[in-house]
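Structure first, commentary second.
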Amino acid sequence: MAITTVPGTSREPGRPAPPRLTRGGRSSLGRKVRDNLTGHAFLIGAVLCFAIFSWYPMIRGIVMSFQRTRRGETTWVGWDNYLRIVDDPSFWTAWKNTLYFTVLALVLGYLVPFFVAIVLNEFRHAKGYLRILVYLPVMLPPASALFLFKYYAYDPSEAGLFNAVLKALHLPTSEWMQSPEMTMPAMVIASTWMNMGSAVLIYLAALQNIPGELYEAAELDGAGIWRRIVNVTVPQTRLILLLLAMLQIVATMQLFIEPLILANGAGAEDSATSVAYLIYQHGFFQNDLNGAAALGVIMLVVLAGFSAVYARLTSKQD
Amino acid sequence: MSVPQYRKATAFALAAGLGLSLAACSTKGDDDNSNAGGKVTITVDCQPVGSQKELLQNWNDDVVEFQKQNPDIVIKSVSVGEQCNNPPDFTARLAGGTVTDVFYGYMTDLAQVLDSGQAMDITEFANKDTVPTWDSVDPALKEVFSDGGKLYAVPVKNYSMGLVYNKVLFQQAGLDVNNPPKTWTEVRDAAKKISALGNGIAGYAEYSAGNTGGWHFTSLLYSQGGQVLTPDGKKADFNNPMGKQVLQNLKDMRYGDNSMGARQLLQWGDLLTNAGAGKVGMFVGAPDSTQAIVSQFQGKFQDWAMAPLPGQGGPAKGTLGGGEGYFFKKGLTPEQVKAGLKWIAYQKLTPGKGQFDYVRAKPQNYPVGLPQPLLFANGSEAQKQELELRKANANVDTANFAIFEATPVPIKGEPRNAQAIYAVLDGAMSGVLTNPNSNIDALLKTAEDKVNQVLAAEK
């Protein structure tokens with residue numbers, strides 16, 4: 001078998017080792033830059049993309065949130081946009097709805113994929129097919145998946161898929177998206193179905209890294225399935241669980257496409273209005289880009305604060 | 001070249017390529033030839049999309065003919081989607097400064113366009129020299145596109161709403177197609193009979209999402225004699241017996257009679273899709289909604305007729321009127337403004353040409369004979385010519401719109417900041433159409449508070 005080396009990853013015989021950096025001074029900095037020139041050059045593309053498509057819009061949004069544009073004239077208005085946006089009667093409704101969705105999504109959208117992954121991991125046969133089955137909805141464009149739910153599953157008449165099933169089971173039917181009480185649960189069901197494939201695959205990868213001996217030892221100690229999950233599976237996948245929990249909370253707080261498509265916007269009596277949808281309303285329907293920017297900054301601060309607290313708590317646990 | 005050198009070279013090439021691309025993006029193109037070679041070039045949007053084959057062909061033919069007649073003008077057409085003003089796209093184009101030189105907008109867009117700083121004052125240019133029929137254009141429409149005595153857009157379409165009804169369903173339900181409902185009580189009775197046909201048919205259908213609910217609430221409120229805002233435009237003015245009556249009528253039909261179908265939270269396309277499928281007996285709409293039903297939603301012209309908007313106990317006290325026009329982007333040269341006006345005059349404001357080329361439209365799948373656009377003032381020369389051409393080339397049964405035309409209802413314009421107000425009023429409409437226990441007083445109070453907040457924010 002021929003042995004190949006990856007160029008640049010190991011020092012070639014006969015070539016001198018790169019000189020170590022000297023302390024301080026311009027020559028040190030210049031040498032540092034020269035040594036890492038290739039790396040820096042490769043980084044330029046990513047940095048430019050982030051700068052243009054992420055950081056600049058973010059900074060621009062923050063600046064806009066303190067301005068007001070009228071008749072083509074932009075003036076500084078201090079905190080006015082923030083005060084105005086908080087006074088919007090839909091502001092607290094949107095936050096309440098968004099938090100409700102986040103909590104429901106944590107209960108359903110977070111736990112279900114984990115247990116699906118555990119069940120899939122137990123299968124001896126047809127694992128590949130089952131994984132594809134679970135992952136298939138992720139391949140559907142979100143808009144298509146949501147239109148399927150809107151027109152087929154959540155049709156409020158008895159012709160709707162879910163209502164037909166409920167009726168066949170002699171259970172009460174629902175008006176789904178037309179019922180203010182069912183709006184959020186229905187959006188969580190659709191969202192979970194659409195997105196859980198990715199989470200299941202990540203959990204499966206984590207589950208397969210758990211040494212089999214741990215389960216054997218637990219079984220020898222008389223642990224049942226539940227005890228094995230609680231005492232072996234969860235601790236062994238803790239890092240992944242914590243990471244996905246944070247990603248899920250940050251993603252669900254930005255709830256937008258579900259209300260836009262399933263509820264045609266605000267939904268029955270504002271029951272689907274989310275913070276992101278309210279930003280869209282202000283920016284694109286109410287001629288209020290500055291108010292939208294202020295709400296966007298509020299959301300950014302809330303999510304950044306949450307992420308910081310979360311990172312601190314989880315790092316302490318480590 | 002050794003491998004590390006190769007990698008280095010690749011990295012630099014990549015970085016340089018990116019830099020050049022970005023430079024290319026940020027640099028104004030060399031094709032900015034608004035006055036190149038003595039010709040005046042203007043970009044115009046709202047060119048029909050590819051799927052609207054006949055309309056697109058008509059537009060392109062018009063461009064060719066116009067340029068032949070005006071060899072010093074070049075028209076560059078831009079398509080911005082089937083719905084020329086989809087509010088989010090329109091807002092993005094305004095905010096990004098990417099509107100065309102001459103751009104399409106609704107009558108309700110004037111404030112937004114002015115705030116964006118993109119509108120040009122065209123008062124001194126709009127006259128008989130640039131637009132030969134200018135004196136015939138309804139002055140009320142020019143006023144809608146004016147602010148502080150300055151004109152910012154040229155009106156190209158105007159409509160008023162009435163009761164659109166399906167004659168086939170009327171006949172099946174035993175109703176007289178020549179005697180459509182004149183009051184909301186009669187609408188309710190007819191809706192009950194039509195929905196009794198079963199098969200998922202809604203006797204009367206109504207919007208409640210995507211800002212269209214608020215749009216229709218406004219029209220229904222006008223029929224009661226109400227108004228959305230106080231005359232000074234500073235406060236909401238619909239939380240009163242007239243506003244309550246609007247919602248009560250809908251609630252009675254939806255839950256009292258179950259005559260509005262199971263599917264609610266409808267917006268524009270949803271309702272017209274159902275109508276095209278023969279599942280809607282009546283709805284409130286403009287004459288061209290029948291065109292959309294036919295050209296986009298596979299319905300049939302002969303199935304539909306139109307009556308004036310009903311009133312509560314007699315004729316409606318008012319109906320909503322709206323329309324569209326073309327704005328001019330700030331910074332155009334006088335030559336470009338004049339060229340834009342000439343193009344609009346040719347394509348939109350000349351009987352026998354462009355949108356009024358009824359001879360061309362007659363064999364196509366687009367209606368000739370609808371009572372719109374109501375662009376020209378009553379008794380004006382252009383109106384006479386347009387009506388004669390329309391009558392001579394009608395391809396729809398004008399009798400279907402005879403009652404609507406013969407019984408004019410006073411037209412009221414849309415409120416200031418209409419889209420924001422409509423978004424709020426969607427909540428009240430969806431409330432009565434999705435919740436059998438909805439509290440109309442509470443819905444109106446909530447909407448009133450929100451609209452007042454929107455108005456306060458404007459200051």
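Order determines the names: the first chain of the structure tokens is A, the second B, and so forth; residues in each chain are numbered 1 upward, and ligands are numbered 1 upward as they are shown.
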
Worksheet item: For chain A, which residues have at least one atom within 7 Å of chain B, if we go by only C-alpha atoms? Write them as a PyMOL selection string, please.
Response: chain A and resi 7-8+38+41-42+44-45+69-72+84+88-89+156-157+178-179+264-265+267-270+284-287

Worksheet entry | strand (DSSP E) residues, from DSSP on the backbone, in stretch 29-240 of chain A, as a PyMOL selection string | chain A and resi 67-70+73-76

Worksheet entry | Nearest residue to A:Ser271 from the set A:Met177, A:Ala145, A:Ile189, A:Ile298 (distances using only C-alpha atoms) | A:Met177

Mind listing the alpha helix (DSSP H) residues of stretch 26-236 of chain A, per DSSP on the backbone, as a PDB file with C-alpha atoms, in the first residue's frame?
```pdb
ATOM      1  CA  ARG A  26       7.139  45.079  14.174  1.00  0.00           C
ATOM      2  CA  SER A  27       9.285  42.304  12.798  1.00  0.00           C
ATOM      3  CA  SER A  28       7.409  39.861  14.997  1.00  0.00           C
ATOM      4  CA  LEU A  29       4.014  41.085  13.767  1.00  0.00           C
ATOM      5  CA  GLY A  30       5.157  41.152  10.157  1.00  0.00           C
ATOM      6  CA  ARG A  31       6.570  37.657  10.456  1.00  0.00           C
ATOM      7  CA  LYS A  32       3.346  36.490  12.074  1.00  0.00           C
ATOM      8  CA  VAL A  33       1.320  37.929   9.206  1.00  0.00           C
ATOM      9  CA  ARG A  34       3.706  36.485   6.619  1.00  0.00           C
ATOM     10  CA  ASP A  35       3.621  33.059   8.242  1.00  0.00           C
ATOM     11  CA  LEU A  37      -0.635  34.795   4.925  1.00  0.00           C
ATOM     12  CA  THR A  38      -2.293  31.847   3.234  1.00  0.00           C
ATOM     13  CA  GLY A  39      -4.699  31.404   6.110  1.00  0.00           C
ATOM     14  CA  HIS A  40      -5.568  35.091   6.146  1.00  0.00           C
ATOM     15  CA  ALA A  41      -6.124  35.098   2.389  1.00  0.00           C
ATOM     16  CA  PHE A  42      -8.479  32.160   2.659  1.00  0.00           C
ATOM     17  CA  LEU A  43     -10.306  33.933   5.475  1.00  0.00           C
ATOM     18  CA  ILE A  44     -10.962  37.085   3.449  1.00  0.00           C
ATOM     19  CA  GLY A  45     -13.907  35.571   1.598  1.00  0.00           C
ATOM     20  CA  ALA A  46     -15.693  34.437   4.763  1.00  0.00           C
ATOM     21  CA  VAL A  47     -14.934  37.666   6.611  1.00  0.00           C
ATOM     22  CA  LEU A  48     -16.214  39.768   3.705  1.00  0.00           C
ATOM     23  CA  CYS A  49     -19.384  37.692   3.480  1.00  0.00           C
ATOM     24  CA  PHE A  50     -20.017  38.057   7.209  1.00  0.00           C
ATOM     25  CA  TYR A  56     -23.133  45.630   8.331  1.00  0.00           C
ATOM     26  CA  PRO A  57     -26.923  45.022   8.272  1.00  0.00           C
ATOM     27  CA  MET A  58     -26.803  44.506  12.033  1.00  0.00           C
ATOM     28  CA  ILE A  59     -25.000  47.781  12.636  1.00  0.00           C
ATOM     29  CA  ARG A  60     -27.203  49.545  10.089  1.00  0.00           C
ATOM     30  CA  GLY A  61     -30.292  48.162  11.852  1.00  0.00           C
ATOM     31  CA  ILE A  62     -29.062  49.461  15.205  1.00  0.00           C
ATOM     32  CA  VAL A  63     -28.383  52.900  13.721  1.00  0.00           C
ATOM     33  CA  MET A  64     -31.802  52.952  11.985  1.00  0.00           C
ATOM     34  CA  ASP A  80     -38.561  57.312  20.373  1.00  0.00           C
ATOM     35  CA  ASN A  81     -38.823  54.256  18.115  1.00  0.00           C
ATOM     36  CA  TYR A  82     -38.308  51.945  21.080  1.00  0.00           C
ATOM     37  CA  LEU A  83     -40.926  53.719  23.179  1.00  0.00           C
ATOM     38  CA  ARG A  84     -43.356  53.671  20.271  1.00  0.00           C
ATOM     39  CA  ILE A  85     -42.819  50.017  19.513  1.00  0.00           C
ATOM     40  CA  VAL A  86     -43.302  49.012  23.153  1.00  0.00           C
ATOM     41  CA  ASP A  87     -46.537  51.031  23.133  1.00  0.00           C
ATOM     42  CA  PRO A  89     -50.784  47.054  21.418  1.00  0.00           C
ATOM     43  CA  SER A  90     -49.484  44.029  19.476  1.00  0.00           C
ATOM     44  CA  PHE A  91     -46.028  44.169  21.124  1.00  0.00           C
ATOM     45  CA  TRP A  92     -46.841  42.127  24.220  1.00  0.00           C
ATOM     46  CA  THR A  93     -49.206  39.848  22.303  1.00  0.00           C
ATOM     47  CA  ALA A  94     -46.346  39.039  19.936  1.00  0.00           C
ATOM     48  CA  TRP A  95     -43.928  38.272  22.782  1.00  0.00           C
ATOM     49  CA  LYS A  96     -46.529  36.192  24.600  1.00  0.00           C
ATOM     50  CA  ASN A  97     -47.256  34.194  21.430  1.00  0.00           C
ATOM     51  CA  THR A  98     -43.572  33.746  20.648  1.00  0.00           C
ATOM     52  CA  LEU A  99     -42.745  32.521  24.158  1.00  0.00           C
ATOM     53  CA  TYR A 100     -45.729  30.194  24.098  1.00  0.00           C
ATOM     54  CA  PHE A 101     -44.539  28.746  20.797  1.00  0.00           C
ATOM     55  CA  THR A 102     -40.999  28.376  22.177  1.00  0.00           C
ATOM     56  CA  VAL A 103     -42.192  26.505  25.253  1.00  0.00           C
ATOM     57  CA  LEU A 104     -44.479  24.235  23.217  1.00  0.00           C
ATOM     58  CA  LEU A 111     -38.184  15.807  23.212  1.00  0.00           C
ATOM     59  CA  VAL A 112     -39.859  13.981  20.333  1.00  0.00           C
ATOM     60  CA  PRO A 113     -36.742  13.862  18.090  1.00  0.00           C
ATOM     61  CA  PHE A 114     -34.683  12.631  21.045  1.00  0.00           C
ATOM     62  CA  PHE A 115     -37.024   9.744  21.720  1.00  0.00           C
ATOM     63  CA  VAL A 116     -37.394   8.992  18.021  1.00  0.00           C
ATOM     64  CA  ALA A 117     -33.583   8.787  17.840  1.00  0.00           C
ATOM     65  CA  ILE A 118     -33.494   6.417  20.830  1.00  0.00           C
ATOM     66  CA  VAL A 119     -36.112   4.187  19.236  1.00  0.00           C
ATOM     67  CA  LEU A 120     -34.340   4.231  15.849  1.00  0.00           C
ATOM     68  CA  ASN A 121     -31.063   3.405  17.573  1.00  0.00           C
ATOM     69  CA  GLU A 122     -32.636   0.266  19.004  1.00  0.00           C
ATOM     70  CA  LYS A 127     -32.040   1.505  10.062  1.00  0.00           C
ATOM     71  CA  GLY A 128     -31.046   3.291   6.862  1.00  0.00           C
ATOM     72  CA  TYR A 129     -34.573   3.292   5.457  1.00  0.00           C
ATOM     73  CA  LEU A 130     -36.003   4.559   8.708  1.00  0.00           C
ATOM     74  CA  ARG A 131     -33.459   7.358   8.863  1.00  0.00           C
ATOM     75  CA  ILE A 132     -34.368   8.400   5.325  1.00  0.00           C
ATOM     76  CA  LEU A 133     -38.044   8.321   6.244  1.00  0.00           C
ATOM     77  CA  VAL A 134     -37.456  10.560   9.228  1.00  0.00           C
ATOM     78  CA  TYR A 135     -35.219  12.904   7.249  1.00  0.00           C
ATOM     79  CA  LEU A 136     -37.454  13.192   4.161  1.00  0.00           C
ATOM     80  CA  PRO A 137     -39.568  16.130   5.467  1.00  0.00           C
ATOM     81  CA  VAL A 138     -36.379  18.181   5.928  1.00  0.00           C
ATOM     82  CA  MET A 139     -35.769  17.911   2.185  1.00  0.00           C
ATOM     83  CA  PRO A 142     -40.481  24.730   4.268  1.00  0.00           C
ATOM     84  CA  ALA A 143     -43.062  26.682   2.272  1.00  0.00           C
ATOM     85  CA  SER A 144     -44.234  23.518   0.469  1.00  0.00           C
ATOM     86  CA  ALA A 145     -44.431  21.559   3.706  1.00  0.00           C
ATOM     87  CA  LEU A 146     -46.471  24.311   5.347  1.00  0.00           C
ATOM     88  CA  PHE A 147     -48.847  24.592   2.395  1.00  0.00           C
ATOM     89  CA  LEU A 148     -49.411  20.832   2.682  1.00  0.00           C
ATOM     90  CA  LEU A 161     -56.793  15.059   6.893  1.00  0.00           C
ATOM     91  CA  PHE A 162     -56.525  15.499  10.660  1.00  0.00           C
ATOM     92  CA  ASN A 163     -60.251  16.079  11.074  1.00  0.00           C
ATOM     93  CA  ALA A 164     -61.023  12.991   8.990  1.00  0.00           C
ATOM     94  CA  VAL A 165     -58.758  10.913  11.231  1.00  0.00           C
ATOM     95  CA  LEU A 166     -60.220  12.413  14.407  1.00  0.00           C
ATOM     96  CA  LYS A 167     -63.725  11.777  13.119  1.00  0.00           C
ATOM     97  CA  ALA A 168     -62.894   8.163  12.249  1.00  0.00           C
ATOM     98  CA  PRO A 180     -57.150  30.956  18.505  1.00  0.00           C
ATOM     99  CA  GLU A 181     -56.548  28.178  21.052  1.00  0.00           C
ATOM    100  CA  MET A 182     -55.251  25.685  18.491  1.00  0.00           C
ATOM    101  CA  THR A 183     -53.151  28.091  16.418  1.00  0.00           C
ATOM    102  CA  MET A 184     -49.907  27.672  18.366  1.00  0.00           C
ATOM    103  CA  PRO A 185     -50.123  23.889  18.961  1.00  0.00           C
ATOM    104  CA  ALA A 186     -50.907  23.428  15.255  1.00  0.00           C
ATOM    105  CA  MET A 187     -47.895  25.522  14.245  1.00  0.00           C
ATOM    106  CA  VAL A 188     -45.654  23.539  16.610  1.00  0.00           C
ATOM    107  CA  ILE A 189     -46.863  20.217  15.167  1.00  0.00           C
ATOM    108  CA  ALA A 190     -46.122  21.368  11.611  1.00  0.00           C
ATOM    109  CA  SER A 191     -42.791  22.879  12.602  1.00  0.00           C
ATOM    110  CA  THR A 192     -41.715  19.736  14.478  1.00  0.00           C
ATOM    111  CA  TRP A 193     -42.651  17.499  11.549  1.00  0.00           C
ATOM    112  CA  MET A 194     -40.676  19.723   9.177  1.00  0.00           C
ATOM    113  CA  ASN A 195     -37.544  20.077  11.235  1.00  0.00           C
ATOM    114  CA  MET A 196     -37.114  17.036  13.424  1.00  0.00           C
ATOM    115  CA  GLY A 197     -35.190  14.993  10.822  1.00  0.00           C
ATOM    116  CA  SER A 198     -31.985  16.984  11.328  1.00  0.00           C
ATOM    117  CA  ALA A 199     -32.186  16.780  15.120  1.00  0.00           C
ATOM    118  CA  VAL A 200     -32.860  13.024  14.972  1.00  0.00           C
ATOM    119  CA  LEU A 201     -29.734  12.467  12.877  1.00  0.00           C
ATOM    120  CA  ILE A 202     -27.588  14.509  15.254  1.00  0.00           C
ATOM    121  CA  TYR A 203     -28.976  12.610  18.269  1.00  0.00           C
ATOM    122  CA  LEU A 204     -28.427   9.310  16.488  1.00  0.00           C
ATOM    123  CA  ALA A 205     -24.784  10.186  15.870  1.00  0.00           C
ATOM    124  CA  ALA A 206     -24.387  11.051  19.557  1.00  0.00           C
ATOM    125  CA  LEU A 207     -26.156   7.870  20.666  1.00  0.00           C
ATOM    126  CA  GLN A 208     -23.887   5.712  18.553  1.00  0.00           C
ATOM    127  CA  GLY A 212     -22.022  -0.348  24.704  1.00  0.00           C
ATOM    128  CA  GLU A 213     -20.339  -1.441  27.926  1.00  0.00           C
ATOM    129  CA  LEU A 214     -22.120   1.318  29.821  1.00  0.00           C
ATOM    130  CA  TYR A 215     -25.497  -0.153  28.888  1.00  0.00           C
ATOM    131  CA  GLU A 216     -24.290  -3.660  29.668  1.00  0.00           C
ATOM    132  CA  ALA A 217     -23.090  -2.538  33.093  1.00  0.00           C
ATOM    133  CA  ALA A 218     -26.389  -0.792  33.727  1.00  0.00           C
ATOM    134  CA  GLU A 219     -28.305  -3.901  32.685  1.00  0.00           C
ATOM    135  CA  LEU A 220     -26.174  -6.046  35.010  1.00  0.00           C
ATOM    136  CA  ILE A 225     -35.103   0.951  29.848  1.00  0.00           C
ATOM    137  CA  TRP A 226     -36.125   4.158  31.584  1.00  0.00           C
ATOM    138  CA  ARG A 227     -33.205   4.000  34.048  1.00  0.00           C
ATOM    139  CA  ARG A 228     -30.798   3.333  31.196  1.00  0.00           C
ATOM    140  CA  VAL A 234     -28.937  11.492  28.806  1.00  0.00           C
ATOM    141  CA  PRO A 235     -25.616  12.081  30.644  1.00  0.00           C
ATOM    142  CA  GLN A 236     -23.650  10.732  27.690  1.00  0.00           C
TER     143      GLN A 236
END
```

Worksheet item: Which is closest to B:Arg188 among B:Ile42, B:Leu272, B:Leu94, B:Met282, if we use only C-alpha atoms?
Response: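 Closest candidate: B:Met282.
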
Discussion item. Restricting the calculation to only C-alpha atoms: of B:Thr333, B:Ser79, B:Thr350, B:Thr130, which residue gets closest to B:Gln385?
Written reply: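 Nearest to B:Gln385: B:Thr350.
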
Discussion item. Just to confirm, what's the straight-line distance from atom CA of B:Asn395 to atom CA of B:Tyr207 in Å (one decimal)?
Written reply: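 If I compute the distance from atom CA of B:Asn395 to atom CA of B:Tyr207, I get 29.4 Å.
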
Show which residues sit within 8 Å of B:Val246, as a JSON list (two decimals) with N, CA and C atoms, in the first residue's frame. Count only C-alpha atoms, and ignore same-chain residues fewer than 6 positions away.
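Output file around.json follows:
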```
[["chain", "number", "residue", "atom", "x", "y", "z"],
["B", 217, "PHE", "N", -63.44, 45.62, 5.38],
["B", 217, "PHE", "CA", -64.17, 46.23, 6.50],
["B", 217, "PHE", "C", -64.45, 47.69, 6.14],
["B", 220, "LEU", "N", -67.28, 47.92, 3.67],
["B", 220, "LEU", "CA", -68.57, 47.61, 4.33],
["B", 220, "LEU", "C", -68.99, 48.75, 5.26],
["B", 221, "LEU", "N", -67.99, 49.36, 5.90],
["B", 221, "LEU", "CA", -68.29, 50.50, 6.80],
["B", 221, "LEU", "C", -68.80, 51.69, 5.98],
["B", 224, "GLN", "N", -72.37, 51.53, 5.26],
["B", 224, "GLN", "CA", -73.22, 51.90, 6.39],
["B", 224, "GLN", "C", -73.26, 53.41, 6.59]]
```
